[in-house]
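Structure first, then comments.
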Amino acid sequence: MSQLRFPKSTTHAADVLRVATYNIHKGVRGVGPRKRLEIHNLVLGIEALDADLVFLQEVRSFNHGEARAFPDPHRGWPRAAQSDYLAPDGYQAAYRTNAITPDGEHGNALLSRWPMLGEVGHHDVSDHRFEQRGLLHAVIDWNGTQVHTIVAHLGLMHSSRMRQVDRIAAFIKSHVPPGELLVLAGDFNDWGERLGAPIKAMGLRRAEHAGSPTQRTFPSRVPVFSLDRIYVRGLRCVGTHVPRGPAWARMSDHLPLVAELELVDE
């Protein structure tokens, strides 16, 4: 991880909200004897993003099997929940479980440089019993302005994703007041690029910028698909970035997507 360099403090302007979304693959890569723990490298990777808000998917609070597989007290399975372990100094971490597994669980997390207001919410959007999916909802105080954030990880089947988008729309209607800022980000598993229209119908726009390179994030070694997305309301995108290179390719099967956002001019 020596090629990763990160600033000690933010390098972007105070009126820019830098957000990142990242599926961390539960902090582990490989299978069998080639299985390796990447959670310690991910600490450096997430700090290198220098994002105000980091939307994380496939995060574990605990897993007894992985703790047995990586017992080293210094470089093994962290004793703290992954969301807390990954949070850079000074950040708040919020986590909510989506799925229960035989040895533990996993879910979504939000890491925030800015204060979180009120309770962190969780909303189940599971479409069938074989895939447990949920939303994490938190309100952030950014420079005195409230920003609603929703971390999402949608299903593997298109029909499920369409129904989950309908549930996201219903959740926003009931939990996010009209006119308030909103960032919806996560792994949408939208292989066929078919969710754009229903999400646009919610009043959200995808965080894209004409001067930015591709947003392809999966698979991390040779990215072909733009599965990881950031959608916004009341904000405009002034740039996006997908970090590339061997260090990023080894940490997860996804690459992170970073977007810089500004308030929409009145």
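Within each chain, counting starts at residue 1; across the structure tokens, chains are named A, B, ... in the order shown, with ligands numbered 1 upward in that order.
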Pick out the residues sitting within 7 Å of region 101-103 of chain A, and hand them over as a ChimeraX atom specification; count only C-alpha atoms, and ignore anything fewer than 2 positions along from it in its own chain.
/A:63-65,99,105
Please, could you write that set of residues out with C-alpha atoms as a compact mmCIF listing (two decimals), in the first residue's frame?
# COMPACT_ATOMS: atom_id res chain seq x y z
CA ASN A 63 -17.99 -12.47 12.18
CA HIS A 64 -16.80 -15.33 14.35
CA GLY A 65 -15.52 -17.41 11.42
CA ALA A 99 -28.16 -9.57 6.58
CA GLU A 105 -23.79 -10.38 9.79
I'd like the neighbourhood of His25 (chain A) as a VMD selection string, where a residue qualifies if any of its atoms comes within 8 Å (using only C-alpha atoms), though same-chain residues fewer than 4 positions away should be ignored.
chain A and resid 29 57 to 59 252 to 254
How far is it from CA of Met116 (chain A) to CA of Ile140 (chain A), in Å with one decimal?
4.6 Å
Which residues of region 85-166 of chain A come within 10 Å of region 40-49 of chain A, and for each one, what is the closest pair of atoms and their distance in Å to one decimal, counting only C-alpha atoms, sorted by chain and residue number, as CSV?
residue,atom,partner,partner_atom,distance
A:Tyr85,CA,A:Val43,CA,7.5
A:Leu86,CA,A:Val43,CA,5.0
A:Ala87,CA,A:Val43,CA,7.5
A:Pro88,CA,A:Glu47,CA,6.0
A:Asp89,CA,A:Glu47,CA,9.1
A:Leu111,CA,A:Ile46,CA,9.7
Using the selection just defined, write its residues with N, CA and C atoms as a PDB file, in the first residue's frame.
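Okay, this is what ended up in again.pdb:
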ATOM      1  N   TYR A  85     -13.649   0.784  12.918  1.00  0.00           N
ATOM      2  CA  TYR A  85     -12.233   0.573  12.622  1.00  0.00           C
ATOM      3  C   TYR A  85     -11.798   1.378  11.396  1.00  0.00           C
ATOM      4  N   LEU A  86     -12.674   1.501  10.408  1.00  0.00           N
ATOM      5  CA  LEU A  86     -12.339   2.185   9.163  1.00  0.00           C
ATOM      6  C   LEU A  86     -12.458   3.696   9.247  1.00  0.00           C
ATOM      7  N   ALA A  87     -13.158   4.206  10.227  1.00  0.00           N
ATOM      8  CA  ALA A  87     -13.409   5.657  10.298  1.00  0.00           C
ATOM      9  C   ALA A  87     -12.123   6.421  10.583  1.00  0.00           C
ATOM     10  N   PRO A  88     -11.739   7.372   9.730  1.00  0.00           N
ATOM     11  CA  PRO A  88     -10.559   8.197  10.023  1.00  0.00           C
ATOM     12  C   PRO A  88     -10.749   8.991  11.315  1.00  0.00           C
ATOM     13  N   ASP A  89      -9.662   9.439  11.880  1.00  0.00           N
ATOM     14  CA  ASP A  89      -9.730  10.236  13.110  1.00  0.00           C
ATOM     15  C   ASP A  89     -10.652  11.442  12.911  1.00  0.00           C
ATOM     16  N   LEU A 111     -19.553   6.896   7.049  1.00  0.00           N
ATOM     17  CA  LEU A 111     -18.504   7.591   7.787  1.00  0.00           C
ATOM     18  C   LEU A 111     -18.609   9.069   7.440  1.00  0.00           C
TER      19      LEU A 111
END
DSSP-assigned helix (DSSP H, G or I) among region 30-177 of chain A, expressed as an MDAnalysis selection string
chainID A and resid 32:34 39:49 64:69 82:86 158:175
Can you pull out every residue within 12 Å of Gly32 (chain A), counting only C-alpha atoms, but drop anything in the same chain fewer than 4 positions away, and send it as a VMD selection string?
chain A and resid 28 36 69
Residues just named, written with N, CA and C atoms as an mmCIF file, in the first residue's frame:
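New file selection.cif:
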data_model
loop_
_atom_site.group_PDB
_atom_site.id
_atom_site.type_symbol
_atom_site.label_atom_id
_atom_site.label_comp_id
_atom_site.auth_asym_id
_atom_site.auth_seq_id
_atom_site.Cartn_x
_atom_site.Cartn_y
_atom_site.Cartn_z
ATOM 1 N N VAL A 28 -12.357 -8.785 3.110
ATOM 2 C CA VAL A 28 -11.628 -10.038 2.865
ATOM 3 C C VAL A 28 -11.656 -10.331 1.375
ATOM 4 N N ARG A 36 -7.218 -13.689 2.086
ATOM 5 C CA ARG A 36 -6.391 -12.690 2.751
ATOM 6 C C ARG A 36 -7.281 -11.589 3.337
ATOM 7 N N ALA A 69 -10.248 -17.279 11.557
ATOM 8 C CA ALA A 69 -9.338 -17.447 10.418
ATOM 9 C C ALA A 69 -8.162 -16.475 10.473
#
Could you list, with a cut-off of 10 Å and counting only C-alpha atoms, the residues of region 46-147 of chain A near region 152-161 of chain A, each shown with its nearest atom pair and the distance in Å rounded to one decimal, rows sorted by chain and ascending number, as JSON lines?
{"residue": "A:Phe55", "atom": "CA", "partner": "A:Ala152", "partner_atom": "CA", "distance": 8.4}
{"residue": "A:Leu56", "atom": "CA", "partner": "A:Ala152", "partner_atom": "CA", "distance": 8.7}
{"residue": "A:Gln57", "atom": "CA", "partner": "A:His153", "partner_atom": "CA", "distance": 6.5}
{"residue": "A:Glu58", "atom": "CA", "partner": "A:His153", "partner_atom": "CA", "distance": 8.4}
{"residue": "A:Asn98", "atom": "CA", "partner": "A:His153", "partner_atom": "CA", "distance": 9.3}
{"residue": "A:Gly107", "atom": "CA", "partner": "A:His153", "partner_atom": "CA", "distance": 8.7}
{"residue": "A:Asn108", "atom": "CA", "partner": "A:Ala152", "partner_atom": "CA", "distance": 7.3}
{"residue": "A:Ala109", "atom": "CA", "partner": "A:Ala152", "partner_atom": "CA", "distance": 9.5}
{"residue": "A:His123", "atom": "CA", "partner": "A:Ala152", "partner_atom": "CA", "distance": 10.0}
{"residue": "A:Val125", "atom": "CA", "partner": "A:Leu154", "partner_atom": "CA", "distance": 8.4}
{"residue": "A:Ser126", "atom": "CA", "partner": "A:Gly155", "partner_atom": "CA", "distance": 8.1}
{"residue": "A:Asp127", "atom": "CA", "partner": "A:Ser160", "partner_atom": "CA", "distance": 5.8}
{"residue": "A:His128", "atom": "CA", "partner": "A:Ser160", "partner_atom": "CA", "distance": 8.2}
{"residue": "A:Phe130", "atom": "CA", "partner": "A:Gly155", "partner_atom": "CA", "distance": 9.9}
{"residue": "A:Glu131", "atom": "CA", "partner": "A:Gly155", "partner_atom": "CA", "distance": 6.9}
{"residue": "A:Gln132", "atom": "CA", "partner": "A:Gly155", "partner_atom": "CA", "distance": 8.5}
{"residue": "A:Arg133", "atom": "CA", "partner": "A:His153", "partner_atom": "CA", "distance": 6.5}
{"residue": "A:Gly134", "atom": "CA", "partner": "A:Ala152", "partner_atom": "CA", "distance": 6.7}
{"residue": "A:Leu135", "atom": "CA", "partner": "A:Ala152", "partner_atom": "CA", "distance": 5.1}
{"residue": "A:Leu136", "atom": "CA", "partner": "A:Ala152", "partner_atom": "CA", "distance": 6.9}
{"residue": "A:His137", "atom": "CA", "partner": "A:Ala152", "partner_atom": "CA", "distance": 9.2}
Residue list (strand (DSSP E or B), DSSP) for region 9-109 of chain A, as a PyMOL selection string
chain A and resi 17-23+28-29+36-37+53-59+63+92-101+104-109
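What separates CA of Trp191 (chain A) from CA of Glu66 (chain A) is a distance of 29.7 Å.
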Between CA of Thr240 (chain A) and CA of Gly196 (chain A), what is the distance, to one decimal in Å?
17.7 Å
Fewer than 3 positions away in the same chain doesn't count, so skip those; otherwise give me all residues within 8 Å of Ala169 (chain A), counting only C-alpha atoms, as JSON, numbers by chain.
{"A": [165, 166, 172, 173, 199, 202]}
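Shortest separation to Thr97 (chain A) among A:Arg163, A:Arg113, A:Arg75, A:His122 occurs at residue A:His122, atoms counted being only C-alpha atoms.
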Shell of 8 Å around Val147 (chain A), only C-alpha atoms, local chain residues under 2 positions omitted, as an NGL selection string:
:A and (139-142 or 145 or 149 or 180-183)
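The residue that comes closest to Val176 (chain A), out of A:Pro246, A:Gly121, A:Pro213, A:Gly239 and on the basis of only C-alpha atoms, is A:Gly121.
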Residue neighbourhood Phe62 (chain A), 8 Å, only C-alpha atoms, exclusion window fewer than 2 positions, as a ChimeraX atom specification:
/A:60,64,81-82,104-106
Would you output that residue set with C-alpha atoms, as a short mmCIF file (atom, residue, chain, number, x, y, z; two decimals), in the first residue's frame?
data_model
loop_
_atom_site.label_atom_id
_atom_site.label_comp_id
_atom_site.auth_asym_id
_atom_site.auth_seq_id
_atom_site.Cartn_x
_atom_site.Cartn_y
_atom_site.Cartn_z
CA ARG A 60 -19.31 -6.37 9.06
CA HIS A 64 -16.80 -15.33 14.35
CA ALA A 81 -16.76 -3.23 14.29
CA GLN A 82 -15.46 -2.57 10.77
CA GLY A 104 -22.12 -13.10 11.86
CA GLU A 105 -23.79 -10.38 9.79
CA HIS A 106 -23.13 -7.52 7.39
#
Proximity to Gln215 (chain A) - best of A:Val54, A:Val258, A:Ala197, A:Ala247, only C-alpha atoms
A:Val258
